[in-house]
Amino acid sequence: MAQWDRLRQLPAVYRQQLHELYDRDALPMDIRHYLSVWIEKQEWPRAARDHDLAVVLLQVLLENLDIQHSRFVQEESFLMQHNIRRYKQNFQRYLEDPCALASTILWFLEKEREILQSADLTEKVQYLQVEQEAMEISSQQDLERKMAGLRNEVQCMEHTIKCLEEQQDEFDFKYQTHKMEVVVDEAVKKNQIRVLQNLVNKLNESRKSTLSDLNKLLDRTEHLIDILVRKELVDWQRRQQKASIGAPDDVCLNQLEKWFTCVAVCLFQVREFLSKLDELVGKVSYDNDPVKAHKPALQKRADTLLKDLLQSSFVVETQPSMPQGKGPMVLRTNVQFSVKTRLLVKFPELNHSMKVNVSMERYRRFNVLGTKTKALNMAESQNGGMVADFRHLTLKEQKSGGGNKGASDIPLTVTEELHIIFFDTVFELKGLSVELQASSLPVVIISNSSQQQSAWASILWFNMLSQDTKDVKFFANSPAAAWPQFAEMLSWQFLAATKRGLNNDQLEMIAHRLFGKHENYDTCKVAWSKFCKENTPDTFWVWFDGILVMVKTYLEDLWRDGLIMGFVSKGKEKSLLKRKQRGTFLLRFSESIIGGITFSWVEITATGEPDVKTVQPFTKVDLMQIPFQEIIRNFQILEADNIPESPLLYLYPNTPKDEAFGKYYSTKSGDDNPYIKYIKTKLVNTLEAKSPMSCDMVEGEGLEPVNGLYGEAAGESGSPHHPVQLKALSNSKLSFHHRASGFRLCFGLLEYKISTHVKVFREQGNVLSCISWGCWLPLLHAYALLSALLITK
């Protein structure tokens with residue numbers, strides 16, 4: 001297929017590049033279109049060097065234009081007749097230098113081939129890449145098109161400057177020849193002066209046109225810089241904020257680096273064009289020279305645009321983080337942390353020449369220790385970017401007699417104080433020197449590992465809500481979070497830790513815990529104080545993070561496979577299970593015990609009514625000894641005649657237990673199971689034997705209370721609950737079970753009674769009675785321990 005025909009069939013983005021290429025009179029698109037077959041068959045590379053061939057091709061071109069003109073006369077196309085006549089007049093100026101015309105046409109043909117190659121490459125890349133969102137693709141393609149247009153304009157300007165230089169050399173040669181010749185004939189002399197005047201007039205017009213084109217080129221560049229700095233870079237910074245707290249956002253800088261570098265290269269070329277104009281003016285100048293009048297303003301504008309671009313191109317690619325930290329931006333004094341900066345304008349000649357220095361702001365005074373100066377280089381980056389990777393920095397707080405809070409009088413806790421780390425360097429290239437500074441996202445600096453949980457909560461809250469990345473006083477008046485935004489952040493925590501986020505049902509349970517029962521939670525808001533406040537042990541974040549740590553440490557595989565329903569209230573749990581067959585169970589997180597997980601199942605009473613039973617929650621103390629799947633596998637209770645039987649048969653809604661958990665079981669079973677000894681002797685659980693479901697709590701009830709021995713087994717005050725002994729798989733003697741069961745039953749009833757009285761007096765504000773009843777609990781525990789030892793003997 002002919003080259004021109006292929007170009008016409010390209011997607012719109014590349015046809016637009018073609019329009020921009022022919023948006024000038026050097027080779028009108030009309031001529032390229034109507035003479036396309038003839039143009040593509042000629043030897044333009046040879047004609048650009050061979051004057052005789054160039055003369056022949058120019059004559060044939062003019063003849064073809066005559067033919068086209070006659071055609072449009074016959075078709076009565078008045079407009080095209082006018083255009084063809086004008087084009088022919090323009091081409092006749094090449095009669096003195098036909099090789100210049102050949103070079104011009106050759107240049108256009110090469111640019112066409114570049115557009116075709118770009119389109120082919122894009123098609124191959126799109127075939128290999130995973131599809132992105134349609135809007136993102138459209139936006140990137142639009143920006144790519146503009147970048148291609150900028151590169152094309154710069155190349156055209158390079159050609160224009162070259163033609164201008166040749167035009168000036170022609171004038172200068174004829175002018176110098178005229179000065180050396182002694183012409184006696186006045187008529188000849190006047191004719192020579194007239195020719196020279198015409199040449200200088202054309203030179204003046206060319207200079208004006210070149211300056212105008214340079215101004216338009218800077219307009220295009222300014223528009224692109226505005227898009228890069230105020231949109232693309234800002235969007236990336238926001239994605240980095242969200243990604244730092246778990247969002248699955250793409251924060252790769254390769255595409256931004258490509259765009260920033262493209263614009264910087266073009267601006268450096270513009271500076272070279274302006275220098276070339278200075279050089280030309282130094283050789284030939286005259287009164288009212290437009291270059292002398294307008295070049296300084298263009299120079300200042302080009303330098304300003306380049307500095308703005310460079311100052312925005314220095315960023316922190318990887319935020320400060322400790323190897324064993326809770327998350328990025330939580331730093332501990334005297335513990336090493338790492339951070340990586342990157343220059344998005346990539347010039348290989350600057351490799352290892354730009355030094356980056358690290359410093360801290362002065363809100364609280366810290367000394368940065370370690371290797372504080374590194375060179376930007378391409379060796380420390382997998383993709384060849386210009387990076388400075390600081391891997392061994394530490395912070396040491398300065399001690400002063402006046403305190404360490406600086407000038408701040410805002411009453412913030414240590415984990416609410418935000419700090420910024422700065423990185424400074426100098427860009428020096430081709431006579432341009434620009435100071436650059438990048439800054440980290442706000443970090444929290446702690447001195448003890450016990451502060452990590454609260455510090456990470458501050459980082460979550462800031463990066464969820466604030467888009468001002470330098471607002472270190474954010475917590476002086478922290479805004480509330482809307483539920484949709486807050487829910488998304490919570491889901492990110494599980495997604496980042498386990499590769500599985502929270503579904504709508506799980507988020508609804510959390511919303512119910514925070515706000516109570518609502519039809520829609522979208523208008524609800526969570527205050528910072530409700531989410532996490534230092535020295536308050538029962539905040540939402542402490543509860544949620546305890547679950548997250550437990551899942552990540554002990555239950556990640558089960559959670560990722562969707563076996564744990566997790567966030568479900570007791571009321572919801574009952575409404576789900578009461579309609580299921582006997583032995584159906586589900587796994588949920590404790591609402592009252594930090595980092596606890598429990599399971600509930602359906603039993604059928606003698607009257608045929610469903611009864612839901614729940615075990616005391618398992619915590620890390622249990623899970624670090626026995627994998628949770630082994631607890632589920634071996635869990636049994638003593639039925640009538642002390643016959644052990646597993647009550648867990650079907651994982652909700654109806655998956656057989658071994659089918660759901662089988663792939664996680666130990667390969668050994670029975671007495672060979674490595675966990676059976678622990679299960680036999682130590683794993684004793686309790687459940688609540690409730691009255692039939694008609695007497696239980698319904699869906700939407702409040703949270704479960706903190707309970708005594710029976711943990712979540714205890715019900716509301718006044719409800720008749722009777723503790724029943726549960727035991728994991730056991731082959732011990734029945735006499736032991738009878739004695740132990742009797743003792744534990746009595747002990748359980750006593751503790752439940754005491755706990756109930758303490759709770760009532762606490763709610764009434766009766767401190768003395770609360771203390772009086774509460775003092776029995778330690779004595780009861782001591783007695784229980786002694787009795788248990790006697791029983792086991």
# chains A, B, ... in the order shown; residues from 1 in each chain; ligands from 1
call {"tool": "residues_around", "arguments": {"residues": "region 624-629 of chain A", "least_positions_apart": "3", "cutoff": "8 Å", "atoms": "only C-alpha atoms", "output": "list in words"}}
result
Tyr554, Leu555, Lys620, Val621, Ile632, Arg633, Phe661, Tyr664, Tyr665, Tyr675 and Tyr678 of chain A
call {"tool": "select_by_dssp", "arguments": {"residues": "region 487-596 of chain A", "states": "alpha helix (DSSP H)", "output": "JSON, numbers by chain"}}
result
{"A": [487, 488, 489, 490, 491, 492, 493, 494, 495, 496, 497, 498, 504, 505, 506, 507, 508, 509, 510, 511, 512, 513, 514, 515, 528, 529, 530, 531, 540, 541, 542, 543, 544, 545, 546, 547, 548, 549, 550, 556, 557, 558, 559, 560, 570, 571, 572, 573, 574, 575, 576, 577]}
call {"tool": "residues_around", "arguments": {"residues": "Gln581 (chain A)", "least_positions_apart": "6", "cutoff": "9 Å", "atoms": "only C-alpha atoms", "output": "MDAnalysis selection string"}}
result
chainID A and resid 602:604 610 650 654
call {"tool": "write_last_selection", "arguments": {"atoms": "all heavy atoms", "output": "PDB file, in the first residue's frame"}}
result
ATOM      1  N   VAL A 602     -24.993 -24.243  64.368  1.00  0.00           N
ATOM      2  CA  VAL A 602     -26.412 -24.496  64.617  1.00  0.00           C
ATOM      3  C   VAL A 602     -26.579 -25.873  65.256  1.00  0.00           C
ATOM      4  O   VAL A 602     -26.058 -26.867  64.747  1.00  0.00           O
ATOM      5  CB  VAL A 602     -27.222 -24.441  63.314  1.00  0.00           C
ATOM      6  CG1 VAL A 602     -28.694 -24.713  63.598  1.00  0.00           C
ATOM      7  CG2 VAL A 602     -27.069 -23.097  62.644  1.00  0.00           C
ATOM      8  N   GLU A 603     -27.311 -25.903  66.381  1.00  0.00           N
ATOM      9  CA  GLU A 603     -27.784 -27.150  66.977  1.00  0.00           C
ATOM     10  C   GLU A 603     -29.305 -27.164  66.895  1.00  0.00           C
ATOM     11  O   GLU A 603     -29.945 -26.106  66.815  1.00  0.00           O
ATOM     12  CB  GLU A 603     -27.337 -27.261  68.436  1.00  0.00           C
ATOM     13  CG  GLU A 603     -25.841 -27.439  68.629  1.00  0.00           C
ATOM     14  CD  GLU A 603     -25.385 -28.861  68.360  1.00  0.00           C
ATOM     15  OE1 GLU A 603     -26.236 -29.683  67.929  1.00  0.00           O
ATOM     16  OE2 GLU A 603     -24.198 -29.149  68.550  1.00  0.00           O
ATOM     17  N   ILE A 604     -29.892 -28.329  66.913  1.00  0.00           N
ATOM     18  CA  ILE A 604     -31.351 -28.463  66.913  1.00  0.00           C
ATOM     19  C   ILE A 604     -31.776 -28.998  68.271  1.00  0.00           C
ATOM     20  O   ILE A 604     -31.297 -30.050  68.729  1.00  0.00           O
ATOM     21  CB  ILE A 604     -31.835 -29.413  65.795  1.00  0.00           C
ATOM     22  CG1 ILE A 604     -31.320 -28.920  64.441  1.00  0.00           C
ATOM     23  CG2 ILE A 604     -33.358 -29.506  65.794  1.00  0.00           C
ATOM     24  CD1 ILE A 604     -31.806 -27.538  64.056  1.00  0.00           C
ATOM     25  N   PRO A 610     -33.988 -24.274  66.134  1.00  0.00           N
ATOM     26  CA  PRO A 610     -32.543 -24.056  66.010  1.00  0.00           C
ATOM     27  C   PRO A 610     -31.970 -23.332  67.219  1.00  0.00           C
ATOM     28  O   PRO A 610     -32.619 -22.466  67.801  1.00  0.00           O
ATOM     29  CB  PRO A 610     -32.441 -23.184  64.750  1.00  0.00           C
ATOM     30  CG  PRO A 610     -33.743 -22.472  64.669  1.00  0.00           C
ATOM     31  CD  PRO A 610     -34.771 -23.409  65.231  1.00  0.00           C
ATOM     32  N   TYR A 650     -20.705 -28.088  58.275  1.00  0.00           N
ATOM     33  CA  TYR A 650     -20.788 -27.366  56.997  1.00  0.00           C
ATOM     34  C   TYR A 650     -20.420 -25.901  57.215  1.00  0.00           C
ATOM     35  O   TYR A 650     -21.017 -25.229  58.049  1.00  0.00           O
ATOM     36  CB  TYR A 650     -22.214 -27.431  56.417  1.00  0.00           C
ATOM     37  CG  TYR A 650     -22.756 -28.827  56.276  1.00  0.00           C
ATOM     38  CD1 TYR A 650     -23.624 -29.352  57.239  1.00  0.00           C
ATOM     39  CD2 TYR A 650     -22.402 -29.628  55.200  1.00  0.00           C
ATOM     40  CE1 TYR A 650     -24.126 -30.634  57.122  1.00  0.00           C
ATOM     41  CE2 TYR A 650     -22.896 -30.914  55.070  1.00  0.00           C
ATOM     42  CZ  TYR A 650     -23.752 -31.414  56.032  1.00  0.00           C
ATOM     43  OH  TYR A 650     -24.243 -32.680  55.913  1.00  0.00           O
ATOM     44  N   ASN A 654     -23.114 -23.870  52.825  1.00  0.00           N
ATOM     45  CA  ASN A 654     -23.367 -25.323  52.851  1.00  0.00           C
ATOM     46  C   ASN A 654     -22.169 -26.129  52.340  1.00  0.00           C
ATOM     47  O   ASN A 654     -22.350 -27.200  51.761  1.00  0.00           O
ATOM     48  CB  ASN A 654     -24.609 -25.665  52.019  1.00  0.00           C
ATOM     49  CG  ASN A 654     -24.518 -25.128  50.595  1.00  0.00           C
ATOM     50  OD1 ASN A 654     -23.463 -24.668  50.175  1.00  0.00           O
ATOM     51  ND2 ASN A 654     -25.608 -25.190  49.879  1.00  0.00           N
TER      52      ASN A 654
END
call {"tool": "residues_around", "arguments": {"residues": "Lys295 (chain A)", "least_positions_apart": "4", "cutoff": "10 Å", "atoms": "only C-alpha atoms", "output": "list of chain:residue names"}}
result
A:Leu211, A:Leu214, A:Asn215, A:Leu274, A:Ser275, A:Leu277, A:Asp278, A:Pro290, A:Val291, A:Gln299, A:Lys300, A:Arg301
call {"tool": "residues_around", "arguments": {"residues": "Pro348 (chain A)", "least_positions_apart": "3", "cutoff": "12 Å", "atoms": "only C-alpha atoms", "output": "list in words"}}
result
Thr261, Leu343, Leu344, Val345, Asn351, His352, Ser353, Met354, Leu376, Asn377, Met378, Ala379, Gly384, Gly385, Met386, Val387 and Leu429 of chain A
call {"tool": "write_last_selection", "arguments": {"atoms": "C-alpha atoms", "output": "compact mmCIF listing (two decimals), in the first residue's frame"}}
result
# COMPACT_ATOMS: atom_id res chain seq x y z
CA THR A 261 12.29 14.55 29.58
CA LEU A 343 14.78 13.25 38.84
CA LEU A 344 12.14 12.94 36.12
CA VAL A 345 14.26 14.83 33.59
CA ASN A 351 24.76 10.60 35.69
CA HIS A 352 26.61 10.78 39.05
CA SER A 353 27.13 14.56 38.76
CA MET A 354 24.17 15.88 40.82
CA LEU A 376 21.71 10.90 41.37
CA ASN A 377 22.63 7.95 39.20
CA MET A 378 21.10 5.36 36.90
CA ALA A 379 22.81 2.32 38.47
CA GLY A 384 17.48 3.27 34.49
CA GLY A 385 15.97 6.33 36.15
CA MET A 386 18.06 9.07 37.77
CA VAL A 387 17.71 8.16 41.47
CA LEU A 429 23.61 21.78 32.16
call {"tool": "closest_residue", "arguments": {"among": "A:Phe486, A:Ser244, A:Lys146, A:Ile193", "to": "His223 (chain A)", "atoms": "only C-alpha atoms"}}
result
A:Lys146
call {"tool": "residues_around", "arguments": {"residues": "Asn90 (chain A)", "least_positions_apart": "3", "cutoff": "10 Å", "atoms": "only C-alpha atoms", "output": "MDAnalysis selection string"}}
result
chainID A and resid 25:27 84:87 93:94
call {"tool": "select_by_dssp", "arguments": {"residues": "region 159-327 of chain A", "states": "strand (DSSP E or B)", "output": "mmCIF file with N, CA, C and O atoms, in the first residue's frame"}}
result
data_model
loop_
_atom_site.group_PDB
_atom_site.id
_atom_site.type_symbol
_atom_site.label_atom_id
_atom_site.label_comp_id
_atom_site.auth_asym_id
_atom_site.auth_seq_id
_atom_site.Cartn_x
_atom_site.Cartn_y
_atom_site.Cartn_z
ATOM 1 N N PHE A 314 11.822 17.000 40.383
ATOM 2 C CA PHE A 314 12.567 16.308 41.444
ATOM 3 C C PHE A 314 11.567 15.857 42.504
ATOM 4 O O PHE A 314 10.926 16.689 43.154
ATOM 5 N N VAL A 315 11.410 14.539 42.676
ATOM 6 C CA VAL A 315 10.362 14.004 43.544
ATOM 7 C C VAL A 315 10.928 12.906 44.439
ATOM 8 O O VAL A 315 12.008 12.371 44.201
ATOM 9 N N VAL A 316 10.152 12.568 45.474
ATOM 10 C CA VAL A 316 10.465 11.417 46.325
ATOM 11 C C VAL A 316 9.708 10.222 45.758
ATOM 12 O O VAL A 316 8.485 10.162 45.834
ATOM 13 N N GLU A 317 10.432 9.303 45.176
ATOM 14 C CA GLU A 317 9.792 8.152 44.528
ATOM 15 C C GLU A 317 9.308 7.121 45.543
ATOM 16 O O GLU A 317 8.222 6.566 45.413
ATOM 17 N N THR A 318 10.131 6.835 46.567
ATOM 18 C CA THR A 318 9.759 5.878 47.618
ATOM 19 C C THR A 318 9.829 6.603 48.948
ATOM 20 O O THR A 318 10.894 7.091 49.345
ATOM 21 N N GLN A 319 8.701 6.684 49.637
ATOM 22 C CA GLN A 319 8.625 7.455 50.874
ATOM 23 C C GLN A 319 9.438 6.800 51.995
ATOM 24 O O GLN A 319 9.705 5.599 51.958
ATOM 25 N N PRO A 320 9.866 7.600 53.003
ATOM 26 C CA PRO A 320 10.681 7.060 54.100
ATOM 27 C C PRO A 320 9.976 5.901 54.807
ATOM 28 O O PRO A 320 8.782 5.983 55.110
ATOM 29 N N SER A 321 10.717 4.845 55.087
ATOM 30 C CA SER A 321 10.127 3.696 55.788
ATOM 31 C C SER A 321 11.218 2.900 56.487
ATOM 32 O O SER A 321 12.364 2.856 56.030
#
call {"tool": "atom_distance", "arguments": {"atom1": "CA of Pro98 (chain A)", "atom2": "CA of Tyr22 (chain A)"}}
result
20.3 Å
call {"tool": "closest_residue", "arguments": {"among": "A:Ala100, A:Ile161, A:Leu233, A:Val265", "to": "Leu253 (chain A)", "atoms": "only C-alpha atoms"}}
result
A:Leu233
call {"tool": "residues_around", "arguments": {"residues": "region 30-43 of chain A", "least_positions_apart": "4", "cutoff": "10 Å", "atoms": "only C-alpha atoms", "output": "mmCIF file with N, CA and C atoms, in the first residue's frame"}}
result
data_model
loop_
_atom_site.group_PDB
_atom_site.id
_atom_site.type_symbol
_atom_site.label_atom_id
_atom_site.label_comp_id
_atom_site.auth_asym_id
_atom_site.auth_seq_id
_atom_site.Cartn_x
_atom_site.Cartn_y
_atom_site.Cartn_z
ATOM 1 N N ALA A 2 0.476 2.249 -0.781
ATOM 2 C CA ALA A 2 1.233 3.495 -0.856
ATOM 3 C C ALA A 2 1.304 4.152 0.517
ATOM 4 N N GLN A 3 2.392 4.883 0.741
ATOM 5 C CA GLN A 3 2.608 5.510 2.041
ATOM 6 C C GLN A 3 1.492 6.470 2.395
ATOM 7 N N TRP A 4 1.057 7.277 1.442
ATOM 8 C CA TRP A 4 0.012 8.258 1.726
ATOM 9 C C TRP A 4 -1.311 7.574 2.072
ATOM 10 N N ASP A 5 -1.629 6.480 1.378
ATOM 11 C CA ASP A 5 -2.859 5.753 1.669
ATOM 12 C C ASP A 5 -2.820 5.161 3.077
ATOM 13 N N ARG A 8 -3.521 7.880 5.647
ATOM 14 C CA ARG A 8 -4.937 8.291 5.700
ATOM 15 C C ARG A 8 -5.795 7.297 6.466
ATOM 16 N N TYR A 22 1.585 19.065 8.191
ATOM 17 C CA TYR A 22 1.351 19.819 6.965
ATOM 18 C C TYR A 22 0.643 21.152 7.218
ATOM 19 N N ALA A 47 18.176 13.699 -5.455
ATOM 20 C CA ALA A 47 17.928 15.054 -5.957
ATOM 21 C C ALA A 47 18.429 16.108 -4.993
ATOM 22 N N ALA A 48 18.412 15.793 -3.675
ATOM 23 C CA ALA A 48 18.889 16.759 -2.680
ATOM 24 C C ALA A 48 20.379 17.036 -2.851
ATOM 25 N N LEU A 53 19.309 16.706 -11.436
ATOM 26 C CA LEU A 53 18.089 15.936 -11.173
ATOM 27 C C LEU A 53 17.054 16.789 -10.462
ATOM 28 N N ALA A 54 17.503 17.626 -9.547
ATOM 29 C CA ALA A 54 16.585 18.500 -8.820
ATOM 30 C C ALA A 54 15.878 19.457 -9.771
ATOM 31 N N LEU A 57 13.134 17.453 -11.604
ATOM 32 C CA LEU A 57 11.976 17.161 -10.743
ATOM 33 C C LEU A 57 11.157 18.412 -10.474
ATOM 34 N N VAL A 60 9.045 19.041 -13.587
ATOM 35 C CA VAL A 60 7.938 18.080 -13.667
ATOM 36 C C VAL A 60 6.863 18.426 -12.630
ATOM 37 N N LEU A 61 7.296 18.859 -11.466
ATOM 38 C CA LEU A 61 6.338 19.255 -10.429
ATOM 39 C C LEU A 61 5.477 20.413 -10.909
ATOM 40 N N ASN A 64 2.986 19.176 -13.418
ATOM 41 C CA ASN A 64 1.887 18.466 -12.744
ATOM 42 C C ASN A 64 0.895 19.440 -12.125
ATOM 43 N N LEU A 65 1.411 20.546 -11.600
ATOM 44 C CA LEU A 65 0.512 21.554 -11.041
ATOM 45 C C LEU A 65 -0.347 22.167 -12.138
ATOM 46 N N GLN A 68 -3.115 19.721 -12.809
ATOM 47 C CA GLN A 68 -4.132 19.772 -11.768
ATOM 48 C C GLN A 68 -4.993 21.031 -11.900
ATOM 49 N N MET A 80 -10.023 25.547 -5.548
ATOM 50 C CA MET A 80 -8.817 24.778 -5.821
ATOM 51 C C MET A 80 -8.008 25.388 -6.957
ATOM 52 N N ASN A 83 -5.935 27.948 -5.235
ATOM 53 C CA ASN A 83 -4.879 27.365 -4.404
ATOM 54 C C ASN A 83 -3.730 26.825 -5.245
ATOM 55 N N ILE A 84 -4.065 26.104 -6.343
ATOM 56 C CA ILE A 84 -3.018 25.517 -7.172
ATOM 57 C C ILE A 84 -2.167 26.613 -7.813
ATOM 58 N N TYR A 87 0.125 27.901 -5.111
ATOM 59 C CA TYR A 87 1.179 26.937 -4.789
ATOM 60 C C TYR A 87 2.282 26.965 -5.854
ATOM 61 N N LYS A 88 1.892 27.072 -7.139
ATOM 62 C CA LYS A 88 2.877 27.079 -8.215
ATOM 63 C C LYS A 88 3.796 28.288 -8.091
ATOM 64 N N ALA A 102 14.014 19.643 -3.046
ATOM 65 C CA ALA A 102 14.169 18.199 -2.873
ATOM 66 C C ALA A 102 14.395 17.856 -1.402
ATOM 67 N N ILE A 105 10.975 18.199 0.511
ATOM 68 C CA ILE A 105 10.053 17.081 0.279
ATOM 69 C C ILE A 105 10.576 15.814 0.950
ATOM 70 N N LEU A 106 11.880 15.584 0.872
ATOM 71 C CA LEU A 106 12.477 14.427 1.533
ATOM 72 C C LEU A 106 12.227 14.472 3.039
ATOM 73 N N PHE A 108 9.728 15.895 4.653
ATOM 74 C CA PHE A 108 8.329 15.572 4.926
ATOM 75 C C PHE A 108 8.070 14.068 4.804
ATOM 76 N N LEU A 109 8.647 13.434 3.810
ATOM 77 C CA LEU A 109 8.456 11.995 3.635
ATOM 78 C C LEU A 109 9.035 11.208 4.813
#
call {"tool": "closest_residue", "arguments": {"among": "A:Leu548, A:Ala606, A:Leu18, A:Ile115", "to": "Ser491 (chain A)", "atoms": "only C-alpha atoms"}}
result
A:Leu548
call {"tool": "atom_distance", "arguments": {"atom1": "CA of Gly571 (chain A)", "atom2": "CA of Ile597 (chain A)"}}
result
16.4 Å
call {"tool": "atom_distance", "arguments": {"atom1": "CA of Asn367 (chain A)", "atom2": "CA of Gln437 (chain A)"}}
result
18.9 Å
